[in-house]
Amino acid sequence: FNYFLGDAADIYASLRLGNSCIGEGFFQSGTCSAGLGNVNDPCISCTGVRDIDYKNYDSQSPHTFTWMFNNCADEEGYYSVHCIGQVYSEAVWSLYKRELPQIYGYDDNTSLEIVQRLTFIAAGNVALWFDTTYASAPFAG
C-alpha cells in the first residue's frame, strides 16, 4: 500500500480550486484538525476534512516529520495516510502561497503554474517525496 498517493488528490484539488480547505462544508458544525481528529491541533476556520495550510491551524506551525512520527501512528503502529500526507501537502501549499511569492516575487498565477508543473513531474515518484530514514536530519522538523 502506498501511503503517499492518498493526499496527491488533496494537493491537486487545492491547486485547482485555490483553496487549502479540503472538502469544505464536510462538518456542519466545528472544524477539522490535523491528523483526522486524533491530534490536538484544530483548524481555525476550515469546515472540511483537512486544511493543507499550516497557518490555518491553531498551532500556526508546519506539521513536520517529527510531528508525523509523534501523532500519525495508531495503536498498532500503522500510519494514517492523510496524517502522513499533511507533511508534504503543507509543503506544496506553502511553496505556492508563501515561498514563491515572498522570496521570488512571483504573482499568484505564476506561482500556481510553477507548483502545478513541479507537482505533476514529482507525482511519478510520489512514494519517494520523503524518506523516513532521514527523519532525524536537521530539516526533519
# chains A, B, ... in the order shown; residues from 1 in each chain; ligands from 1
call {"tool": "residues_around", "arguments": {"residues": "Pro101 of chain A", "least_positions_apart": "4", "cutoff": "12 Å", "atoms": "only C-alpha atoms", "output": "PDB file with all heavy atoms, in the first residue's frame"}}
result
ATOM      1  N   TRP A  93       1.600  23.501  -0.624  1.00  0.00           N
ATOM      2  CA  TRP A  93       0.773  24.706  -0.477  1.00  0.00           C
ATOM      3  C   TRP A  93       1.630  25.905  -0.059  1.00  0.00           C
ATOM      4  O   TRP A  93       1.451  27.010  -0.573  1.00  0.00           O
ATOM      5  CB  TRP A  93      -0.348  24.470   0.536  1.00  0.00           C
ATOM      6  CG  TRP A  93      -1.288  25.636   0.608  1.00  0.00           C
ATOM      7  CD1 TRP A  93      -1.286  26.630   1.531  1.00  0.00           C
ATOM      8  CD2 TRP A  93      -2.337  25.945  -0.313  1.00  0.00           C
ATOM      9  NE1 TRP A  93      -2.281  27.533   1.256  1.00  0.00           N
ATOM     10  CE2 TRP A  93      -2.941  27.134   0.121  1.00  0.00           C
ATOM     11  CE3 TRP A  93      -2.818  25.317  -1.466  1.00  0.00           C
ATOM     12  CZ2 TRP A  93      -4.015  27.718  -0.545  1.00  0.00           C
ATOM     13  CZ3 TRP A  93      -3.891  25.901  -2.131  1.00  0.00           C
ATOM     14  CH2 TRP A  93      -4.472  27.083  -1.671  1.00  0.00           C
ATOM     15  N   SER A  94       2.564  25.689   0.837  1.00  0.00           N
ATOM     16  CA  SER A  94       3.422  26.768   1.303  1.00  0.00           C
ATOM     17  C   SER A  94       4.319  27.287   0.179  1.00  0.00           C
ATOM     18  O   SER A  94       4.548  28.496   0.059  1.00  0.00           O
ATOM     19  CB  SER A  94       4.261  26.286   2.488  1.00  0.00           C
ATOM     20  OG  SER A  94       4.917  27.361   3.089  1.00  0.00           O
ATOM     21  N   LEU A  95       4.820  26.382  -0.653  1.00  0.00           N
ATOM     22  CA  LEU A  95       5.605  26.801  -1.810  1.00  0.00           C
ATOM     23  C   LEU A  95       4.764  27.698  -2.710  1.00  0.00           C
ATOM     24  O   LEU A  95       5.219  28.752  -3.157  1.00  0.00           O
ATOM     25  CB  LEU A  95       6.105  25.578  -2.589  1.00  0.00           C
ATOM     26  CG  LEU A  95       6.935  25.863  -3.843  1.00  0.00           C
ATOM     27  CD1 LEU A  95       8.240  26.555  -3.489  1.00  0.00           C
ATOM     28  CD2 LEU A  95       7.187  24.563  -4.601  1.00  0.00           C
ATOM     29  N   TYR A  96       3.523  27.295  -2.948  1.00  0.00           N
ATOM     30  CA  TYR A  96       2.607  28.050  -3.815  1.00  0.00           C
ATOM     31  C   TYR A  96       2.245  29.413  -3.227  1.00  0.00           C
ATOM     32  O   TYR A  96       2.344  30.432  -3.906  1.00  0.00           O
ATOM     33  CB  TYR A  96       1.356  27.199  -4.059  1.00  0.00           C
ATOM     34  CG  TYR A  96       0.164  27.901  -4.655  1.00  0.00           C
ATOM     35  CD1 TYR A  96       0.290  28.867  -5.642  1.00  0.00           C
ATOM     36  CD2 TYR A  96      -1.115  27.564  -4.243  1.00  0.00           C
ATOM     37  CE1 TYR A  96      -0.829  29.483  -6.188  1.00  0.00           C
ATOM     38  CE2 TYR A  96      -2.233  28.166  -4.787  1.00  0.00           C
ATOM     39  CZ  TYR A  96      -2.086  29.134  -5.756  1.00  0.00           C
ATOM     40  OH  TYR A  96      -3.195  29.738  -6.295  1.00  0.00           O
ATOM     41  N   LYS A  97       1.828  29.438  -1.988  1.00  0.00           N
ATOM     42  CA  LYS A  97       1.265  30.663  -1.412  1.00  0.00           C
ATOM     43  C   LYS A  97       2.253  31.530  -0.645  1.00  0.00           C
ATOM     44  O   LYS A  97       1.982  32.704  -0.421  1.00  0.00           O
ATOM     45  CB  LYS A  97       0.091  30.311  -0.487  1.00  0.00           C
ATOM     46  CG  LYS A  97      -1.147  29.893  -1.223  1.00  0.00           C
ATOM     47  CD  LYS A  97      -1.690  31.043  -2.049  1.00  0.00           C
ATOM     48  CE  LYS A  97      -3.025  30.717  -2.671  1.00  0.00           C
ATOM     49  NZ  LYS A  97      -3.582  31.846  -3.407  1.00  0.00           N
ATOM     50  N   GLY A 105       9.051  36.830  -5.583  1.00  0.00           N
ATOM     51  CA  GLY A 105       8.193  37.908  -6.076  1.00  0.00           C
ATOM     52  C   GLY A 105       7.216  37.496  -7.169  1.00  0.00           C
ATOM     53  O   GLY A 105       6.686  38.346  -7.870  1.00  0.00           O
ATOM     54  N   TYR A 106       6.974  36.191  -7.311  1.00  0.00           N
ATOM     55  CA  TYR A 106       6.032  35.740  -8.339  1.00  0.00           C
ATOM     56  C   TYR A 106       4.598  36.069  -7.947  1.00  0.00           C
ATOM     57  O   TYR A 106       4.242  36.004  -6.764  1.00  0.00           O
ATOM     58  CB  TYR A 106       6.142  34.225  -8.551  1.00  0.00           C
ATOM     59  CG  TYR A 106       7.445  33.786  -9.173  1.00  0.00           C
ATOM     60  CD1 TYR A 106       8.172  32.750  -8.619  1.00  0.00           C
ATOM     61  CD2 TYR A 106       7.938  34.403 -10.318  1.00  0.00           C
ATOM     62  CE1 TYR A 106       9.370  32.333  -9.184  1.00  0.00           C
ATOM     63  CE2 TYR A 106       9.135  33.994 -10.890  1.00  0.00           C
ATOM     64  CZ  TYR A 106       9.845  32.960 -10.321  1.00  0.00           C
ATOM     65  OH  TYR A 106      11.012  32.563 -10.873  1.00  0.00           O
ATOM     66  N   ASP A 107       3.777  36.402  -8.942  1.00  0.00           N
ATOM     67  CA  ASP A 107       2.361  36.614  -8.661  1.00  0.00           C
ATOM     68  C   ASP A 107       1.667  35.260  -8.487  1.00  0.00           C
ATOM     69  O   ASP A 107       2.282  34.200  -8.679  1.00  0.00           O
ATOM     70  CB  ASP A 107       1.695  37.443  -9.766  1.00  0.00           C
ATOM     71  CG  ASP A 107       1.695  36.768 -11.135  1.00  0.00           C
ATOM     72  OD1 ASP A 107       1.826  35.525 -11.219  1.00  0.00           O
ATOM     73  OD2 ASP A 107       1.559  37.484 -12.138  1.00  0.00           O
ATOM     74  N   ASP A 108       0.400  35.277  -8.110  1.00  0.00           N
ATOM     75  CA  ASP A 108      -0.327  34.044  -7.799  1.00  0.00           C
ATOM     76  C   ASP A 108      -0.391  33.094  -8.996  1.00  0.00           C
ATOM     77  O   ASP A 108      -0.195  31.885  -8.839  1.00  0.00           O
ATOM     78  CB  ASP A 108      -1.740  34.387  -7.308  1.00  0.00           C
ATOM     79  CG  ASP A 108      -2.417  33.201  -6.663  1.00  0.00           C
ATOM     80  OD1 ASP A 108      -1.950  32.758  -5.594  1.00  0.00           O
ATOM     81  OD2 ASP A 108      -3.406  32.687  -7.242  1.00  0.00           O
ATOM     82  N   ASN A 109      -0.642  33.622 -10.187  1.00  0.00           N
ATOM     83  CA  ASN A 109      -0.742  32.760 -11.371  1.00  0.00           C
ATOM     84  C   ASN A 109       0.582  32.102 -11.722  1.00  0.00           C
ATOM     85  O   ASN A 109       0.626  30.918 -12.058  1.00  0.00           O
ATOM     86  CB  ASN A 109      -1.275  33.552 -12.574  1.00  0.00           C
ATOM     87  CG  ASN A 109      -2.741  33.852 -12.467  1.00  0.00           C
ATOM     88  OD1 ASN A 109      -3.489  33.126 -11.822  1.00  0.00           O
ATOM     89  ND2 ASN A 109      -3.164  34.938 -13.085  1.00  0.00           N
ATOM     90  N   THR A 110       1.662  32.858 -11.648  1.00  0.00           N
ATOM     91  CA  THR A 110       2.983  32.295 -11.946  1.00  0.00           C
ATOM     92  C   THR A 110       3.352  31.235 -10.908  1.00  0.00           C
ATOM     93  O   THR A 110       3.840  30.157 -11.259  1.00  0.00           O
ATOM     94  CB  THR A 110       4.041  33.411 -11.997  1.00  0.00           C
ATOM     95  OG1 THR A 110       3.641  34.394 -12.963  1.00  0.00           O
ATOM     96  CG2 THR A 110       5.406  32.861 -12.364  1.00  0.00           C
ATOM     97  N   SER A 111       3.109  31.542  -9.643  1.00  0.00           N
ATOM     98  CA  SER A 111       3.380  30.566  -8.577  1.00  0.00           C
ATOM     99  C   SER A 111       2.574  29.295  -8.797  1.00  0.00           C
ATOM    100  O   SER A 111       3.097  28.188  -8.640  1.00  0.00           O
ATOM    101  CB  SER A 111       3.038  31.165  -7.211  1.00  0.00           C
ATOM    102  OG  SER A 111       3.883  32.237  -6.914  1.00  0.00           O
ATOM    103  N   LEU A 112       1.324  29.448  -9.149  1.00  0.00           N
ATOM    104  CA  LEU A 112       0.466  28.299  -9.399  1.00  0.00           C
ATOM    105  C   LEU A 112       0.996  27.443 -10.541  1.00  0.00           C
ATOM    106  O   LEU A 112       1.059  26.216 -10.434  1.00  0.00           O
ATOM    107  CB  LEU A 112      -0.968  28.752  -9.691  1.00  0.00           C
ATOM    108  CG  LEU A 112      -1.976  27.660 -10.005  1.00  0.00           C
ATOM    109  CD1 LEU A 112      -2.127  26.695  -8.825  1.00  0.00           C
ATOM    110  CD2 LEU A 112      -3.323  28.274 -10.371  1.00  0.00           C
ATOM    111  N   ILE A 114       4.071  27.178 -11.673  1.00  0.00           N
ATOM    112  CA  ILE A 114       5.315  26.519 -11.255  1.00  0.00           C
ATOM    113  C   ILE A 114       5.014  25.336 -10.348  1.00  0.00           C
ATOM    114  O   ILE A 114       5.536  24.234 -10.546  1.00  0.00           O
ATOM    115  CB  ILE A 114       6.260  27.522 -10.562  1.00  0.00           C
ATOM    116  CG1 ILE A 114       6.771  28.546 -11.574  1.00  0.00           C
ATOM    117  CG2 ILE A 114       7.417  26.802  -9.871  1.00  0.00           C
ATOM    118  CD1 ILE A 114       7.498  29.730 -10.952  1.00  0.00           C
ATOM    119  N   VAL A 115       4.168  25.548  -9.355  1.00  0.00           N
ATOM    120  CA  VAL A 115       3.854  24.481  -8.394  1.00  0.00           C
ATOM    121  C   VAL A 115       3.094  23.342  -9.069  1.00  0.00           C
ATOM    122  O   VAL A 115       3.364  22.171  -8.802  1.00  0.00           O
ATOM    123  CB  VAL A 115       3.088  25.043  -7.176  1.00  0.00           C
ATOM    124  CG1 VAL A 115       2.544  23.930  -6.311  1.00  0.00           C
ATOM    125  CG2 VAL A 115       3.998  25.943  -6.372  1.00  0.00           C
TER     126      VAL A 115
END
call {"tool": "select_by_dssp", "arguments": {"residues": "segment 9-131 of chain A", "states": "alpha helix (DSSP H)", "output": "JSON, numbers by chain"}}
result
{"A": [9, 10, 11, 12, 13, 14, 15, 16, 17, 65, 66, 67, 68, 69, 70, 71, 81, 82, 83, 84, 85, 86, 87, 88, 89, 90, 91, 92, 93, 94, 100, 101, 102, 103, 104, 108, 109, 110, 111, 112, 113, 114, 115, 116, 117, 118, 119, 120, 121, 122]}
call {"tool": "residues_around", "arguments": {"residues": "Cys46 of chain A", "least_positions_apart": "6", "cutoff": "8 Å", "atoms": "only C-alpha atoms", "output": "VMD selection string"}}
result
chain A and resid 21 24 31 to 32 56
call {"tool": "write_last_selection", "arguments": {"atoms": "N, CA, C and O atoms", "output": "mmCIF file, in the first residue's frame"}}
result
data_model
loop_
_atom_site.group_PDB
_atom_site.id
_atom_site.type_symbol
_atom_site.label_atom_id
_atom_site.label_comp_id
_atom_site.auth_asym_id
_atom_site.auth_seq_id
_atom_site.Cartn_x
_atom_site.Cartn_y
_atom_site.Cartn_z
ATOM 1 N N CYS A 21 -8.579 24.395 2.138
ATOM 2 C CA CYS A 21 -9.541 23.628 2.934
ATOM 3 C C CYS A 21 -10.104 22.498 2.064
ATOM 4 O O CYS A 21 -10.824 22.748 1.099
ATOM 5 N N GLU A 24 -14.482 21.359 1.894
ATOM 6 C CA GLU A 24 -15.143 22.425 2.649
ATOM 7 C C GLU A 24 -16.637 22.133 2.814
ATOM 8 O O GLU A 24 -17.302 21.718 1.880
ATOM 9 N N THR A 31 -14.770 22.399 13.166
ATOM 10 C CA THR A 31 -13.748 22.473 12.129
ATOM 11 C C THR A 31 -12.892 21.216 12.158
ATOM 12 O O THR A 31 -12.990 20.402 13.068
ATOM 13 N N CYS A 32 -12.033 21.092 11.163
ATOM 14 C CA CYS A 32 -11.144 19.934 11.067
ATOM 15 C C CYS A 32 -10.014 20.039 12.082
ATOM 16 O O CYS A 32 -9.862 21.048 12.763
ATOM 17 N N ASN A 56 -3.488 27.872 8.986
ATOM 18 C CA ASN A 56 -4.912 27.770 9.307
ATOM 19 C C ASN A 56 -5.190 26.808 10.458
ATOM 20 O O ASN A 56 -6.329 26.390 10.651
#
call {"tool": "closest_residue", "arguments": {"among": "A:Tyr12, A:Phe65, A:Tyr88, A:Tyr104", "to": "Asp53 of chain A", "atoms": "only C-alpha atoms"}}
result
A:Tyr88
call {"tool": "atom_distance", "arguments": {"atom1": "atom CA of Glu90 of chain A", "atom2": "atom CA of Ile52 of chain A"}}
result
4.8 Å
call {"tool": "residues_around", "arguments": {"residues": "segment 70-72 of chain A", "least_positions_apart": "4", "cutoff": "6 Å", "atoms": "only C-alpha atoms", "output": "list in words"}}
result
Tyr79, Ser80 and Cys83 of chain A
call {"tool": "write_last_selection", "arguments": {"atoms": "C-alpha atoms", "output": "PDB file, in the first residue's frame"}}
result
ATOM      1  CA  TYR A  79       0.281   5.499   9.980  1.00  0.00           C
ATOM      2  CA  SER A  80      -2.799   7.325   8.716  1.00  0.00           C
ATOM      3  CA  CYS A  83      -1.860  12.371   8.550  1.00  0.00           C
TER       4      CYS A  83
END
call {"tool": "residues_around", "arguments": {"residues": "Ala9 of chain A", "least_positions_apart": "6", "cutoff": "10 Å", "atoms": "only C-alpha atoms", "output": "list in words"}}
result
Leu15, Ile22 and Ser89 of chain A
call {"tool": "write_last_selection", "arguments": {"atoms": "C-alpha atoms", "output": "short mmCIF file (atom, residue, chain, number, x, y, z; two decimals), in the first residue's frame"}}
result
data_model
loop_
_atom_site.label_atom_id
_atom_site.label_comp_id
_atom_site.auth_asym_id
_atom_site.auth_seq_id
_atom_site.Cartn_x
_atom_site.Cartn_y
_atom_site.Cartn_z
CA LEU A 15 -4.40 23.85 -6.52
CA ILE A 22 -10.17 20.11 1.61
CA SER A 89 0.67 18.72 1.29
#
call {"tool": "atom_distance", "arguments": {"atom1": "atom CA of Phe69 of chain A", "atom2": "atom CA of Gln116 of chain A"}}
result
27.9 Å
